[in-house]
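Undergrad: Right, I'll just put the structure down here and ask away after.
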Amino acid sequence: MWSTAREVAAGDTVIVWLTREVIQPLVISPGKELHGRFGVYRHSDLVGVPYGSKVSSRNGKGFIYILRPTPELWTQALPHRTQILYLADISFVILSLGLVPGCRVIEAGTGSGSFSHSVVRTIGPSGRLYSYEFHEARANKAREEFARHGMSDVVSLTHTNVCKDGFNVVNEVDAVFLDLPAPWDAVSHAKLALRRDKTTRICCYSPCMEQVLRTVSALNEAGFTEITMYETLLRPHEVHQIPKLQAVGEISDKLKRAEIQREEKRLKQIASAKKRSEALGKGKRKRDGLEDETPTKGDPTMDDAEASKRLRVESDGVDEPMIISEDVCDDLTMPEPATTNISSHTTEPAIVLTEAKLREQSEPLHGANSARVTMSKVMYEVRGHTSYLTFALLLPSTFPGSEPPSDCVPTPVLIDSAQGHVDITSRPTNFTDSKV
């Protein structure tokens, strides 16, 4: 099909990947330029670049990827001339028709060539694809693309109306794919083109249920069996990893530890408040003993450092100055966070949890190497309907129509005059289908 060389050459068809939504084909023609919102690129600069490379623009404001064409990428990038088949339908049709390398296939309704490229890759150079297109302009455009992509040796494209004129092959192909507005008109022609020495398959691609009903009726009348209709829908899955869910017992232990920590904090606050209250009471008693000798800031007996430590406390509704000595200030200092010092006469229970013990209990829940679980979340929106796929089988037979086989030898008529019995039989020999 496309170039198999490692590097891009002049005249090659490449796929330019701009974004996830913007993919376009490009024929390398030295002397031309590719202009877009991601910069300007000379075709001559792309010659010799390995496939899959990231190419920066000349002004350095953007970049693109140069990819080797595949049927999947071509389906996303091809110029649409008609409604096309996408990957979900294409893969299911090829699998259900049983296509393998060396198969001969009929495609009625070439269109934009999306399905044709995937079939050619499947059947390989030893196979053969007979493609038919009613619209002359589309047929000529598809023929040019097949030649440019190196598919002319495998694809035979014919401009004709298969519903009226039929196919130009008889008893030759392994499978038939009909993508036509009225596939029921081509079912009888398809039966003539299918091989009679093996089980063959047919698929009809129809967007409406009314078309499916008429196609099923035509398949039944033509003698096809195992008629089945499918609808292909896409359900994207979003896969991500989350931390392993904790057991109920672990969560309960974690809550208990959190409750212990809150209780410890509350008791620390109670102890600090009680110690502060005792310090303030000691300072008040000292103030009462020295109220007759309270020095002022201008008093020569008190230096500036002592005067700066004056506090005002409310006593009996009147603000009075109080001088607190250095030993009282030391008593007012908050205890260190790492220790818990609770007065011996407090009635609240003291619950102390050391830091090492907390770390030891928390490591199993928040370890750096904790296990993670892969989760798959299905998107609620199912990507919509494309068309219905109707499949059927045609069982093999050794002779066409209702003509008897050449090796069917009739038995002579036996007449028994005594009993009045007449026995007329025929013995078919070497039959592969005993239902005929």
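In the structure tokens, each chain is lettered A, B, ... as it comes, each chain's residues begin at 1, and ligands are numbered from 1 in order of appearance.
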Once DSSP has gone over the backbone, tell me which residues of segment 210-258 of chain A are in helix (DSSP H, G or I), as a list in words.
TA: Glu210, Gln211, Val212, Leu213, Arg214, Thr215, Val216, Ser217, Ala218, Leu219, Asn220, Glu221, Ala222, Val248, Gly249, Glu250, Ile251, Ser252, Asp253, Lys254, Leu255, Lys256, Arg257 and Ala258 of chain A
Undergrad: Determine, counting only C-alpha atoms, which protein, DNA and RNA residues have an atom within 12 Å of an atom of Ala137 of chain A; residues of the same chain fewer than 5 positions away are not included. Present the result as a ChimeraX atom specification.
TA: /A:81-82,110-112,142-144,159
Undergrad: Given the choices A:Lys141, A:His35, A:Lys61, A:Arg195, which gets closest to Val170 of chain A if the distance is worked out from only C-alpha atoms?
TA: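 Selected residue with least distance to Val170 of chain A: A:Arg195.
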Undergrad: For segment 13-19 of chain A, please output as a PyMOL selection string all residues within 9 Å (counting only C-alpha atoms; exclusion window: fewer than 5 positions along the same chain).
TA: chain A and resi 2-3+8+24-28+38+51+63-70+73-74+77+148-149
Undergrad: Suppose we keep N, CA, C and O atoms; can you now write the selection as a PDB file, in the first residue's frame?
TA:
```pdb
ATOM      1  N   TRP A   2       1.009   1.891   1.172  1.00  0.00           N
ATOM      2  CA  TRP A   2       1.817   3.103   1.224  1.00  0.00           C
ATOM      3  C   TRP A   2       3.293   2.754   1.296  1.00  0.00           C
ATOM      4  O   TRP A   2       3.675   1.585   1.375  1.00  0.00           O
ATOM      5  N   SER A   3       4.131   3.787   1.334  1.00  0.00           N
ATOM      6  CA  SER A   3       5.577   3.593   1.370  1.00  0.00           C
ATOM      7  C   SER A   3       5.974   2.846   2.646  1.00  0.00           C
ATOM      8  O   SER A   3       5.456   3.121   3.738  1.00  0.00           O
ATOM      9  N   VAL A   8      10.713   9.788   4.983  1.00  0.00           N
ATOM     10  CA  VAL A   8       9.787  10.405   4.030  1.00  0.00           C
ATOM     11  C   VAL A   8      10.540  10.760   2.753  1.00  0.00           C
ATOM     12  O   VAL A   8      11.660  11.291   2.798  1.00  0.00           O
ATOM     13  N   GLN A  24      -4.748  15.442   8.959  1.00  0.00           N
ATOM     14  CA  GLN A  24      -4.959  15.633   7.534  1.00  0.00           C
ATOM     15  C   GLN A  24      -3.880  14.919   6.724  1.00  0.00           C
ATOM     16  O   GLN A  24      -2.735  14.794   7.174  1.00  0.00           O
ATOM     17  N   PRO A  25      -4.257  14.428   5.519  1.00  0.00           N
ATOM     18  CA  PRO A  25      -3.251  13.802   4.641  1.00  0.00           C
ATOM     19  C   PRO A  25      -2.484  14.871   3.883  1.00  0.00           C
ATOM     20  O   PRO A  25      -2.968  15.980   3.641  1.00  0.00           O
ATOM     21  N   LEU A  26      -1.271  14.524   3.476  1.00  0.00           N
ATOM     22  CA  LEU A  26      -0.430  15.471   2.749  1.00  0.00           C
ATOM     23  C   LEU A  26       0.467  14.692   1.795  1.00  0.00           C
ATOM     24  O   LEU A  26       1.123  13.718   2.185  1.00  0.00           O
ATOM     25  N   VAL A  27       0.479  15.117   0.531  1.00  0.00           N
ATOM     26  CA  VAL A  27       1.381  14.547  -0.470  1.00  0.00           C
ATOM     27  C   VAL A  27       2.621  15.439  -0.524  1.00  0.00           C
ATOM     28  O   VAL A  27       2.521  16.648  -0.794  1.00  0.00           O
ATOM     29  N   ILE A  28       3.792  14.866  -0.252  1.00  0.00           N
ATOM     30  CA  ILE A  28       5.031  15.637  -0.185  1.00  0.00           C
ATOM     31  C   ILE A  28       5.424  16.075  -1.597  1.00  0.00           C
ATOM     32  O   ILE A  28       5.722  15.248  -2.463  1.00  0.00           O
ATOM     33  N   PHE A  38      -0.360  26.341  13.348  1.00  0.00           N
ATOM     34  CA  PHE A  38       0.800  25.864  14.096  1.00  0.00           C
ATOM     35  C   PHE A  38       2.117  26.192  13.391  1.00  0.00           C
ATOM     36  O   PHE A  38       3.154  25.638  13.737  1.00  0.00           O
ATOM     37  N   TYR A  51       9.638   8.710   9.681  1.00  0.00           N
ATOM     38  CA  TYR A  51       8.220   8.685  10.035  1.00  0.00           C
ATOM     39  C   TYR A  51       8.062   8.641  11.557  1.00  0.00           C
ATOM     40  O   TYR A  51       8.815   7.951  12.258  1.00  0.00           O
ATOM     41  N   PHE A  63       4.449  22.973  16.295  1.00  0.00           N
ATOM     42  CA  PHE A  63       5.059  21.750  15.793  1.00  0.00           C
ATOM     43  C   PHE A  63       3.958  20.834  15.291  1.00  0.00           C
ATOM     44  O   PHE A  63       2.777  20.984  15.621  1.00  0.00           O
ATOM     45  N   ILE A  64       4.346  19.831  14.495  1.00  0.00           N
ATOM     46  CA  ILE A  64       3.442  18.819  13.967  1.00  0.00           C
ATOM     47  C   ILE A  64       4.157  17.471  14.038  1.00  0.00           C
ATOM     48  O   ILE A  64       5.375  17.405  14.248  1.00  0.00           O
ATOM     49  N   TYR A  65       3.379  16.397  13.859  1.00  0.00           N
ATOM     50  CA  TYR A  65       3.937  15.056  13.777  1.00  0.00           C
ATOM     51  C   TYR A  65       3.709  14.525  12.356  1.00  0.00           C
ATOM     52  O   TYR A  65       2.612  14.680  11.802  1.00  0.00           O
ATOM     53  N   ILE A  66       4.722  13.896  11.797  1.00  0.00           N
ATOM     54  CA  ILE A  66       4.640  13.285  10.474  1.00  0.00           C
ATOM     55  C   ILE A  66       4.522  11.771  10.673  1.00  0.00           C
ATOM     56  O   ILE A  66       5.469  11.135  11.153  1.00  0.00           O
ATOM     57  N   LEU A  67       3.373  11.188  10.334  1.00  0.00           N
ATOM     58  CA  LEU A  67       3.090   9.785  10.596  1.00  0.00           C
ATOM     59  C   LEU A  67       2.937   9.017   9.287  1.00  0.00           C
ATOM     60  O   LEU A  67       2.521   9.569   8.262  1.00  0.00           O
ATOM     61  N   ARG A  68       3.247   7.723   9.371  1.00  0.00           N
ATOM     62  CA  ARG A  68       3.046   6.844   8.227  1.00  0.00           C
ATOM     63  C   ARG A  68       1.557   6.512   8.124  1.00  0.00           C
ATOM     64  O   ARG A  68       0.922   6.176   9.138  1.00  0.00           O
ATOM     65  N   PRO A  69       0.957   6.553   6.927  1.00  0.00           N
ATOM     66  CA  PRO A  69      -0.477   6.262   6.808  1.00  0.00           C
ATOM     67  C   PRO A  69      -0.790   4.809   7.167  1.00  0.00           C
ATOM     68  O   PRO A  69      -0.029   3.892   6.864  1.00  0.00           O
ATOM     69  N   THR A  70      -1.910   4.614   7.815  1.00  0.00           N
ATOM     70  CA  THR A  70      -2.501   3.300   8.081  1.00  0.00           C
ATOM     71  C   THR A  70      -3.983   3.402   7.750  1.00  0.00           C
ATOM     72  O   THR A  70      -4.531   4.523   7.672  1.00  0.00           O
ATOM     73  N   LEU A  73      -5.664   5.585  10.413  1.00  0.00           N
ATOM     74  CA  LEU A  73      -5.406   7.019  10.279  1.00  0.00           C
ATOM     75  C   LEU A  73      -6.056   7.586   9.025  1.00  0.00           C
ATOM     76  O   LEU A  73      -6.543   8.730   9.032  1.00  0.00           O
ATOM     77  N   TRP A  74      -6.065   6.806   7.949  1.00  0.00           N
ATOM     78  CA  TRP A  74      -6.677   7.296   6.718  1.00  0.00           C
ATOM     79  C   TRP A  74      -8.183   7.503   6.894  1.00  0.00           C
ATOM     80  O   TRP A  74      -8.755   8.446   6.349  1.00  0.00           O
ATOM     81  N   ALA A  77      -8.543  10.837   8.440  1.00  0.00           N
ATOM     82  CA  ALA A  77      -8.010  11.998   7.727  1.00  0.00           C
ATOM     83  C   ALA A  77      -8.517  12.161   6.307  1.00  0.00           C
ATOM     84  O   ALA A  77      -8.328  13.218   5.714  1.00  0.00           O
ATOM     85  N   ARG A 148      -2.389   6.033  -6.337  1.00  0.00           N
ATOM     86  CA  ARG A 148      -1.369   6.764  -5.582  1.00  0.00           C
ATOM     87  C   ARG A 148      -0.926   5.997  -4.339  1.00  0.00           C
ATOM     88  O   ARG A 148       0.222   6.114  -3.896  1.00  0.00           O
ATOM     89  N   HIS A 149      -1.838   5.199  -3.771  1.00  0.00           N
ATOM     90  CA  HIS A 149      -1.510   4.443  -2.564  1.00  0.00           C
ATOM     91  C   HIS A 149      -0.970   3.054  -2.881  1.00  0.00           C
ATOM     92  O   HIS A 149      -0.792   2.248  -1.959  1.00  0.00           O
TER      93      HIS A 149
END
```
Undergrad: Quick one: residues within 8 Å of Arg58 of chain A, only C-alpha atoms, excluding same-chain residues fewer than 4 positions away - as a list in words?
TA: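 With the cut-off at 8 Å, the set is Gly39, Val40 and Tyr41 of chain A.
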Undergrad: Run DSSP on the backbone and tell me which residues of segment 213-267 of chain A come out as strand (DSSP E or B); list them as a ChimeraX atom specification.
TA: /A:225-231,234,237-243
Undergrad: Using N, CA and C atoms, can you export the residues from the last selection as a short mmCIF file (atom, residue, chain, number, x, y, z; two decimals), in the first residue's frame?
TA:
```
data_model
loop_
_atom_site.label_atom_id
_atom_site.label_comp_id
_atom_site.auth_asym_id
_atom_site.auth_seq_id
_atom_site.Cartn_x
_atom_site.Cartn_y
_atom_site.Cartn_z
N THR A 225 -29.25 -18.05 4.80
CA THR A 225 -29.61 -18.55 6.13
C THR A 225 -28.86 -17.77 7.21
N GLU A 226 -29.25 -18.04 8.46
CA GLU A 226 -28.63 -17.40 9.63
C GLU A 226 -28.57 -15.88 9.47
N ILE A 227 -29.69 -15.29 9.13
CA ILE A 227 -29.76 -13.84 8.93
C ILE A 227 -29.79 -13.16 10.30
N THR A 228 -28.85 -12.26 10.52
CA THR A 228 -28.71 -11.59 11.81
C THR A 228 -28.38 -10.13 11.58
N MET A 229 -28.97 -9.26 12.40
CA MET A 229 -28.70 -7.83 12.31
C MET A 229 -28.00 -7.35 13.58
N TYR A 230 -27.00 -6.51 13.42
CA TYR A 230 -26.24 -5.96 14.54
C TYR A 230 -26.21 -4.44 14.44
N GLU A 231 -26.06 -3.82 15.59
CA GLU A 231 -25.83 -2.37 15.67
C GLU A 231 -24.59 -2.16 16.52
N LEU A 234 -20.24 2.65 20.45
CA LEU A 234 -18.99 2.85 21.17
C LEU A 234 -19.29 3.27 22.61
N HIS A 237 -14.21 3.89 27.85
CA HIS A 237 -13.91 3.64 29.25
C HIS A 237 -12.78 4.57 29.68
N GLU A 238 -12.96 5.20 30.84
CA GLU A 238 -11.93 6.05 31.42
C GLU A 238 -11.22 5.26 32.52
N VAL A 239 -9.95 4.93 32.30
CA VAL A 239 -9.19 4.09 33.22
C VAL A 239 -8.25 4.97 34.04
N HIS A 240 -8.25 4.81 35.35
CA HIS A 240 -7.36 5.55 36.23
C HIS A 240 -7.09 4.72 37.47
N GLN A 241 -6.10 5.14 38.25
CA GLN A 241 -5.72 4.44 39.46
C GLN A 241 -6.08 5.25 40.69
N ILE A 242 -6.53 4.56 41.73
CA ILE A 242 -6.88 5.18 42.99
C ILE A 242 -6.21 4.39 44.12
N PRO A 243 -6.01 5.02 45.28
CA PRO A 243 -5.46 4.26 46.41
C PRO A 243 -6.38 3.11 46.80
#
```
Undergrad: How many Å lie between atom CA of Ile106 of chain A and atom CA of Ala193 of chain A, rounded to one decimal?
TA: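 We find that atom CA of Ile106 of chain A and atom CA of Ala193 of chain A lie 8.6 Å from each other.
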Undergrad: Excluding His189 of chain A and residues on its chain fewer than 3 positions from it, collect all residues at most 12 Å away from it, counting only C-alpha atoms, and give them as a ChimeraX atom specification.
TA: /A:106,108,161-171,176,178,183-186,192-194,202,218-219,222
Undergrad: Just C-alpha atoms for this one: save the residues we selected as an mmCIF file, in the first residue's frame.
TA:
```
data_model
loop_
_atom_site.group_PDB
_atom_site.id
_atom_site.type_symbol
_atom_site.label_atom_id
_atom_site.label_comp_id
_atom_site.auth_asym_id
_atom_site.auth_seq_id
_atom_site.Cartn_x
_atom_site.Cartn_y
_atom_site.Cartn_z
ATOM 1 C CA ILE A 106 -17.009 -7.560 -3.594
ATOM 2 C CA ALA A 108 -20.677 -2.280 -3.800
ATOM 3 C CA ASN A 161 -25.153 0.367 -11.366
ATOM 4 C CA VAL A 162 -25.010 -3.056 -9.724
ATOM 5 C CA CYS A 163 -28.725 -3.016 -8.812
ATOM 6 C CA LYS A 164 -29.603 -3.150 -12.522
ATOM 7 C CA ASP A 165 -26.530 -4.534 -14.274
ATOM 8 C CA GLY A 166 -25.208 -6.824 -11.546
ATOM 9 C CA PHE A 167 -21.575 -7.770 -11.005
ATOM 10 C CA ASN A 168 -19.103 -8.792 -13.697
ATOM 11 C CA VAL A 169 -17.963 -11.890 -11.738
ATOM 12 C CA VAL A 170 -19.811 -15.189 -11.285
ATOM 13 C CA ASN A 171 -19.136 -17.981 -8.779
ATOM 14 C CA VAL A 176 -20.014 -9.494 -0.520
ATOM 15 C CA LEU A 178 -23.340 -3.927 0.075
ATOM 16 C CA PRO A 183 -29.353 -3.361 -1.135
ATOM 17 C CA TRP A 184 -32.333 -5.701 -1.631
ATOM 18 C CA ASP A 185 -32.137 -5.023 -5.383
ATOM 19 C CA ALA A 186 -28.583 -6.362 -5.489
ATOM 20 C CA LEU A 192 -24.593 -15.323 -8.474
ATOM 21 C CA ALA A 193 -21.178 -13.822 -7.677
ATOM 22 C CA LEU A 194 -20.633 -15.913 -4.524
ATOM 23 C CA ILE A 202 -22.885 -11.300 2.774
ATOM 24 C CA ALA A 218 -34.833 -10.390 -0.062
ATOM 25 C CA LEU A 219 -32.217 -12.559 1.671
ATOM 26 C CA ALA A 222 -32.772 -15.812 -2.222
#
```
Undergrad: Which one of A:Glu278, A:Ile94, A:Val378, A:Arg196 sits closest to Leu395 of chain A if you count only C-alpha atoms?
TA: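 Of the candidates, the smallest distance to Leu395 of chain A is held by A:Arg196.
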Undergrad: Can you work out which one of A:Cys103, A:Ile23, A:Ala371, A:Leu280 has the shortest atom-to-atom distance to Pro79 of chain A, counting only C-alpha atoms?
TA: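 Checking each candidate against Pro79 of chain A, we get A:Ile23 as the closest.
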Undergrad: Residues at most 10 Å from Thr386 of chain A, counting only C-alpha atoms, excluding those fewer than 5 positions away in the same chain, as a PyMOL selection string?
TA: chain A and resi 83-86+88-89+205-208+231-233
